[in-house]
file start-v6.csv (CSV, C-alpha atoms)
chain,number,residue,atom,x,y,z
A,43,MET,CA,12.8,-20.9,4.3
A,44,PRO,CA,10.4,-23.7,5.4
A,45,SER,CA,8.4,-23.5,8.5
A,46,LEU,CA,10.8,-25.1,11.0
A,47,SER,CA,8.3,-26.0,13.7
A,48,GLU,CA,4.8,-25.3,14.9
A,49,PRO,CA,5.3,-24.0,18.5
A,50,ASP,CA,2.5,-23.4,20.9
A,51,LEU,CA,2.4,-19.6,21.2
A,52,SER,CA,0.6,-19.8,24.5
A,53,LYS,CA,4.0,-20.9,25.9
A,54,ILE,CA,6.7,-18.3,26.6
A,55,TYR,CA,9.6,-20.7,26.2
A,56,LEU,CA,11.4,-22.5,23.5
A,57,GLU,CA,13.0,-25.9,23.3
A,58,SER,CA,16.4,-27.0,22.0
A,59,GLU,CA,18.7,-29.8,22.8
A,60,LYS,CA,20.7,-27.6,25.2
A,61,LYS,CA,18.3,-25.1,26.7
A,62,ARG,CA,14.8,-23.6,26.9
A,63,ASN,CA,14.6,-19.8,26.5
A,64,ALA,CA,12.6,-17.0,25.0
A,65,VAL,CA,11.9,-13.4,25.3
A,66,VAL,CA,8.3,-12.2,25.3
A,67,VAL,CA,7.0,-8.8,24.0
A,68,ASP,CA,4.1,-7.3,26.0
A,69,ASP,CA,1.3,-5.4,24.3
A,70,ASP,CA,2.1,-2.2,26.1
A,71,ASP,CA,5.8,-2.3,26.7
A,72,ASP,CA,8.9,-3.4,24.8
A,73,VAL,CA,10.8,-6.4,25.9
A,74,VAL,CA,9.3,-7.5,29.2
A,75,SER,CA,10.8,-10.7,30.4
A,76,VAL,CA,13.3,-13.5,29.7
A,77,THR,CA,12.4,-17.0,30.7
A,78,SER,CA,15.2,-19.5,30.7
A,79,THR,CA,16.6,-22.6,32.5
A,80,GLU,CA,20.1,-21.8,31.1
A,81,VAL,CA,20.7,-18.2,30.1
A,82,SER,CA,24.3,-17.1,30.5
A,83,PHE,CA,25.6,-13.6,29.6
A,84,VAL,CA,29.2,-14.8,29.8
A,85,SER,CA,29.8,-13.6,26.2
A,86,THR,CA,28.3,-11.1,23.9
A,87,SER,CA,28.4,-10.8,20.1
A,88,THR,CA,31.4,-8.5,20.3
A,89,ASP,CA,33.4,-11.2,22.1
A,90,TYR,CA,33.5,-13.6,19.2
A,91,ASP,CA,36.5,-14.0,17.0
A,92,VAL,CA,35.0,-13.4,13.6
A,93,LEU,CA,35.9,-16.5,11.7
A,94,LYS,CA,34.1,-17.7,8.6
A,95,ARG,CA,31.9,-20.6,9.7
A,96,THR,CA,30.9,-23.5,7.4
A,97,PRO,CA,28.1,-22.4,5.1
A,98,LEU,CA,24.7,-23.8,5.8
A,99,GLN,CA,24.8,-27.4,4.7
A,100,TRP,CA,21.1,-28.3,4.5
A,101,GLU,CA,19.7,-29.0,1.1
A,102,PHE,CA,16.4,-27.3,0.5
A,103,HIS,CA,14.1,-27.9,-2.4
A,104,GLY,CA,11.5,-26.5,-4.8
A,105,LEU,CA,10.2,-22.9,-5.4
A,106,THR,CA,9.3,-20.7,-2.4
A,107,LEU,CA,7.2,-17.6,-1.9
A,108,TRP,CA,8.5,-14.9,0.4
A,109,LEU,CA,6.6,-12.1,2.0
A,110,GLU,CA,8.9,-9.1,2.0
A,111,PRO,CA,8.1,-6.8,5.0
A,112,GLU,CA,8.6,-3.1,5.0
A,113,GLU,CA,11.7,-1.8,6.8
A,114,PHE,CA,12.5,1.2,9.0
A,115,ASP,CA,15.9,2.6,8.1
A,116,SER,CA,16.8,-0.8,6.6
A,117,ASP,CA,16.6,-2.3,10.1
A,118,LEU,CA,15.9,-5.9,9.0
A,119,SER,CA,18.5,-5.9,6.3
A,120,THR,CA,21.0,-4.4,8.8
A,121,ALA,CA,20.2,-7.1,11.3
A,122,ILE,CA,21.0,-9.8,8.8
A,123,ARG,CA,24.2,-8.1,7.7
A,124,ASP,CA,25.3,-7.5,11.3
A,125,ALA,CA,24.7,-11.1,12.2
A,126,SER,CA,26.7,-12.3,9.2
A,127,LYS,CA,29.6,-10.0,10.1
A,128,THR,CA,29.5,-10.8,13.8
A,129,TYR,CA,29.3,-14.5,13.5
A,130,GLY,CA,31.0,-15.2,10.2
A,131,LEU,CA,27.8,-16.6,8.9
A,132,GLU,CA,26.5,-16.8,5.3
A,133,PRO,CA,23.9,-14.0,5.1
A,134,ILE,CA,20.2,-14.7,4.5
A,135,PRO,CA,19.6,-13.3,0.9
A,136,ASN,CA,16.7,-11.0,1.9
A,137,PRO,CA,14.4,-10.2,4.8
A,138,HIS,CA,11.3,-12.3,4.5
A,139,LEU,CA,8.5,-14.3,6.0
A,140,THR,CA,8.0,-17.6,4.2
A,141,ALA,CA,4.5,-18.1,2.9
A,142,ILE,CA,4.8,-21.3,0.8
A,143,TYR,CA,7.9,-23.5,0.7
A,144,GLY,CA,9.0,-26.2,-1.6
A,145,ILE,CA,6.7,-25.9,-4.6
A,146,LYS,CA,7.5,-28.8,-6.9
A,147,HIS,CA,4.4,-29.2,-9.0
A,148,LEU,CA,4.8,-26.0,-11.0
A,149,SER,CA,7.4,-24.9,-13.4
A,150,ILE,CA,9.2,-21.6,-12.9
A,151,GLU,CA,7.2,-20.0,-15.7
A,152,GLU,CA,3.9,-21.3,-14.3
A,153,ALA,CA,4.8,-20.0,-10.8
A,154,ARG,CA,5.8,-16.7,-12.3
A,155,ILE,CA,2.5,-16.3,-14.0
A,156,LYS,CA,0.6,-17.0,-10.8
A,157,LEU,CA,2.8,-14.6,-8.9
A,158,GLN,CA,1.5,-11.7,-11.0
A,159,LYS,CA,-2.1,-12.7,-10.1
A,160,ILE,CA,-1.6,-12.4,-6.3
A,161,PRO,CA,-2.8,-8.8,-6.0
A,162,LEU,CA,-6.1,-9.9,-7.6
A,163,ILE,CA,-6.9,-12.5,-4.8
A,164,LEU,CA,-6.0,-10.2,-1.8
A,165,PRO,CA,-8.5,-7.7,-0.3
A,166,ASN,CA,-7.5,-4.3,-1.9
A,167,GLY,CA,-4.5,-6.1,-3.4
A,168,LYS,CA,-2.7,-6.0,0.0
A,169,TRP,CA,-1.4,-8.6,2.4
A,170,PRO,CA,-2.8,-7.9,5.9
A,171,ILE,CA,-0.5,-5.9,8.1
A,172,PHE,CA,1.6,-7.7,10.7
A,173,ASP,CA,1.5,-6.6,14.3
A,174,ARG,CA,4.8,-6.0,16.0
A,175,PRO,CA,6.7,-9.2,16.9
A,176,VAL,CA,5.4,-11.2,19.9
A,177,GLY,CA,8.9,-12.5,20.8
A,178,VAL,CA,12.5,-13.3,19.9
A,179,LYS,CA,13.7,-16.9,19.4
A,180,THR,CA,16.8,-18.9,18.9
A,181,ASP,CA,16.4,-22.6,18.3
A,182,ILE,CA,17.6,-25.7,16.6
A,183,ALA,CA,15.5,-27.9,14.2
A,184,ILE,CA,16.4,-31.4,13.3
A,185,GLU,CA,14.7,-33.1,10.4
A,186,GLY,CA,12.4,-35.9,11.5
A,187,ARG,CA,11.3,-34.3,14.7
A,188,PRO,CA,7.6,-33.4,14.9
A,189,GLY,CA,6.9,-30.4,12.7
A,190,GLN,CA,10.5,-30.0,11.6
A,191,VAL,CA,11.4,-30.4,7.9
A,192,CYS,CA,15.1,-29.5,8.0
A,193,SER,CA,18.2,-29.4,10.2
A,194,ILE,CA,19.2,-25.9,11.0
A,195,ALA,CA,19.8,-23.4,13.8
A,196,TRP,CA,18.3,-19.9,13.5
A,197,ALA,CA,17.5,-16.6,15.2
A,198,GLU,CA,14.2,-15.0,14.5
A,199,LEU,CA,11.6,-12.3,15.3
A,200,THR,CA,8.5,-14.2,16.0
A,201,MET,CA,5.3,-12.8,14.4
A,202,SER,CA,1.7,-13.6,15.0
A,203,SER,CA,-1.1,-14.6,12.7
A,204,ASN,CA,-4.7,-13.6,12.8
A,205,GLU,CA,-7.8,-14.6,10.8
A,206,HIS,CA,-7.0,-12.2,8.0
A,207,HIS,CA,-3.5,-13.7,7.6
A,208,GLU,CA,-5.0,-17.2,7.6
A,209,GLU,CA,-7.5,-16.3,4.9
A,210,ALA,CA,-4.8,-14.6,2.8
A,211,LEU,CA,-2.6,-17.7,3.1
A,212,ASP,CA,-5.4,-20.0,2.1
A,213,GLU,CA,-6.1,-17.9,-1.0
A,214,LEU,CA,-2.4,-17.9,-1.9
A,215,ARG,CA,-2.2,-21.7,-1.5
A,216,ASN,CA,-5.3,-22.1,-3.6
A,217,LEU,CA,-3.8,-19.9,-6.4
A,218,PHE,CA,-0.6,-21.9,-6.4
A,219,GLU,CA,-2.6,-25.2,-6.3
A,220,CYS,CA,-1.0,-26.4,-3.0
A,221,LYS,CA,-2.7,-29.7,-2.0
A,222,ASP,CA,-0.7,-30.6,1.0
A,223,GLU,CA,-2.1,-30.1,4.5
A,224,ARG,CA,-0.9,-27.1,6.3
A,225,HIS,CA,-0.5,-26.5,10.0
A,226,ARG,CA,-2.9,-24.1,11.7
A,227,PRO,CA,-2.5,-21.5,12.9
A,228,TRP,CA,0.3,-20.2,10.7
A,229,THR,CA,3.4,-19.2,12.7
A,230,PRO,CA,5.2,-16.6,10.6
A,231,HIS,CA,8.7,-15.5,11.6
A,232,ASN,CA,11.4,-13.2,10.3
A,233,SER,CA,14.7,-14.9,10.5
A,234,ILE,CA,17.9,-12.8,10.9
A,235,ALA,CA,20.5,-15.6,10.9
A,236,TYR,CA,20.8,-19.2,9.9
A,237,ASP,CA,23.6,-21.6,11.1
A,238,ASN,CA,24.3,-25.3,11.0
A,239,PRO,CA,22.8,-27.0,14.1
A,240,GLU,CA,26.0,-28.7,15.2
A,241,ASP,CA,27.7,-26.4,17.7
A,242,THR,CA,25.8,-23.3,16.6
A,243,ILE,CA,27.2,-20.0,17.5
A,244,LEU,CA,23.8,-18.4,17.8
A,245,THR,CA,22.5,-17.5,21.2
A,246,LEU,CA,19.3,-16.0,22.5
A,247,GLU,CA,21.1,-13.5,24.8
A,248,ASP,CA,23.0,-12.0,21.8
A,249,THR,CA,19.7,-11.7,19.8
A,250,ILE,CA,18.0,-10.0,22.7
A,251,MET,CA,20.8,-7.6,23.2
A,252,TYR,CA,20.9,-6.7,19.5
A,253,CYS,CA,17.1,-6.1,19.5
A,254,ALA,CA,17.4,-3.9,22.6
A,255,LYS,CA,19.9,-1.7,20.7
A,256,HIS,CA,17.7,-1.6,17.6
A,257,PRO,CA,14.2,-1.0,19.0
A,258,THR,CA,12.4,-0.8,15.7
A,259,LEU,CA,12.9,-4.5,15.3
A,260,LEU,CA,10.4,-5.2,18.0
A,261,SER,CA,8.3,-2.0,18.2
A,262,ARG,CA,6.9,-1.6,14.7
A,263,LYS,CA,3.9,-3.1,12.8
A,264,ARG,CA,4.9,-3.9,9.3
A,265,ASN,CA,3.1,-4.0,5.9
A,266,VAL,CA,4.1,-6.5,3.3
A,267,LYS,CA,5.6,-4.4,0.5
A,268,ALA,CA,6.1,-7.3,-2.0
A,269,ILE,CA,5.9,-11.0,-2.5
A,270,SER,CA,8.8,-12.7,-4.2
A,271,LEU,CA,9.4,-16.0,-5.9
A,272,TRP,CA,12.7,-17.8,-5.3
A,273,ASN,CA,14.2,-21.0,-6.5
A,274,THR,CA,15.3,-22.6,-3.2
A,275,GLN,CA,16.6,-25.8,-4.7
A,276,GLY,CA,19.9,-26.8,-3.0
A,277,LYS,CA,21.9,-25.1,-0.2
A,278,MET,CA,21.2,-21.5,0.7
A,279,SER,CA,24.2,-20.4,-1.5
A,280,ASP,CA,22.3,-21.9,-4.5
A,281,TRP,CA,19.1,-19.9,-4.0
A,282,LYS,CA,18.1,-17.7,-6.9
A,283,PHE,CA,15.7,-14.8,-7.1
A,284,ILE,CA,13.1,-15.3,-9.9
A,285,ASP,CA,10.5,-12.5,-9.7
A,286,ARG,CA,8.6,-10.1,-7.5
A,287,VAL,CA,5.2,-8.5,-7.3
A,288,PHE,CA,4.8,-5.3,-5.4
A,289,LEU,CA,1.7,-4.8,-3.3
call {"tool": "encode", "arguments": {"input": "start-v6.csv", "output": "structure tokens"}}
result
Amino acid sequence: MPSLSEPDLSKIYLESEKKRNAVVVDDDDDVVSVTSTEVSFVSTSTDYDVLKRTPLQWEFHGLTLWLEPEEFDSDLSTAIRDASKTYGLEPIPNPHLTAIYGIKHLSIEEARIKLQKIPLILPNGKWPIFDRPVGVKTDIAIEGRPGQVCSIAWAELTMSSNEHHEEALDELRNLFECKDERHRPWTPHNSIAYDNPEDTILTLEDTIMYCAKHPTLLSRKRNVKAISLWNTQGKMSDWKFIDRVFL
């Protein structure tokens, strides 16, 4: 999916219309602290009546490149599936970190050809490894706000970028002839659930509790096993997988 916002990672809180909250992961320990002005543990994910919610209504566009991270006992895929079952949400098609969203200047075949060249532009044919997540977020984006290109609610594992990631992303954008200005530094994230922003059912406390029960989500570094090309024109239910290159 597109980059929803460009948060200042020096801050340990998040903003939404209703609350500010975040969980921060320390370098030496697992989850260290929760900072919030309105965190309530009145309910947990097991308290919800599982009713199918309205599928994500936002209309996306273009072709998109996803980085597909390695998994540990399918932990990321399981998190997406559990979120879908718990909340009645439409599941995200595949665990991923978005590298480039909304490519419109290339045809599917042109993009497919470039996809196969990706290993040639990366050092040793590999994407730089990601350190373990630096935090957990739930938030709401509304199109038109600074740095926000769609209207959506989401829960994510927040990753960090370093100079090697920035260089790799620049090379990828050059290969795919992306001319638009990009925000720096890159703020990669691994979303585990999407929802419509109106009266979203997603909460930070549920996400924290789930991660606490599944510690590999926050404790492992991850290689990128593949980069895939998707047609993300339309709603999420319309997205189509096109091709994949393994690294």
call {"tool": "residues_around", "arguments": {"input": "start-v6.csv", "residues": "Asn204 (chain A)", "least_positions_apart": "5", "cutoff": "9 Å", "atoms": "only C-alpha atoms", "output": "list in words"}}
result
Phe172, Glu209, Pro227 and Trp228 of chain A
call {"tool": "residues_around", "arguments": {"input": "start-v6.csv", "residues": "Glu152 (chain A)", "least_positions_apart": "5", "cutoff": "10 Å", "atoms": "all atoms listed in the file", "output": "list in words"}}
result
His147, Leu157 and Phe218 of chain A
call {"tool": "closest_residue", "arguments": {"input": "start-v6.csv", "among": "A:His207, A:Ile194, A:Ile142, A:Gly189", "to": "Lys221 (chain A)", "atoms": "all atoms listed in the file"}}
result
A:Ile142
call {"tool": "atom_distance", "arguments": {"input": "start-v6.csv", "atom1": "CA of Ser270 (chain A)", "atom2": "CA of Ile145 (chain A)"}}
result
13.4 Å
call {"tool": "atom_distance", "arguments": {"input": "start-v6.csv", "atom1": "CA of Pro133 (chain A)", "atom2": "CA of Ser233 (chain A)"}}
result
10.7 Å
call {"tool": "residues_around", "arguments": {"input": "start-v6.csv", "residues": "region 238-242 of chain A", "least_positions_apart": "4", "cutoff": "9 Å", "atoms": "only C-alpha atoms", "output": "list in words"}}
result
Thr96, Pro97, Leu98, Gln99, Trp100, Asp181, Ile182, Ala183, Ile184, Ser193, Ile194, Ala195 and Trp196 of chain A
call {"tool": "residues_around", "arguments": {"input": "start-v6.csv", "residues": "Ala235 (chain A)", "least_positions_apart": "3", "cutoff": "9 Å", "atoms": "only C-alpha atoms", "output": "number ranges by chain"}}
result
A: 121-123, 125-126, 131-134, 195-198, 244
call {"tool": "write_last_selection", "arguments": {"input": "start-v6.csv", "atoms": "C-alpha atoms", "output": "CSV table (one decimal), in the coordinates of the input"}}
result
chain,number,residue,atom,x,y,z
A,121,ALA,CA,20.2,-7.1,11.3
A,122,ILE,CA,21.0,-9.8,8.8
A,123,ARG,CA,24.2,-8.1,7.7
A,125,ALA,CA,24.7,-11.1,12.2
A,126,SER,CA,26.7,-12.3,9.2
A,131,LEU,CA,27.8,-16.6,8.9
A,132,GLU,CA,26.5,-16.8,5.3
A,133,PRO,CA,23.9,-14.0,5.1
A,134,ILE,CA,20.2,-14.7,4.5
A,195,ALA,CA,19.8,-23.4,13.8
A,196,TRP,CA,18.3,-19.9,13.5
A,197,ALA,CA,17.5,-16.6,15.2
A,198,GLU,CA,14.2,-15.0,14.5
A,244,LEU,CA,23.8,-18.4,17.8
call {"tool": "atom_distance", "arguments": {"input": "start-v6.csv", "atom1": "CA of Asp212 (chain A)", "atom2": "CA of Leu259 (chain A)"}}
result
27.4 Å
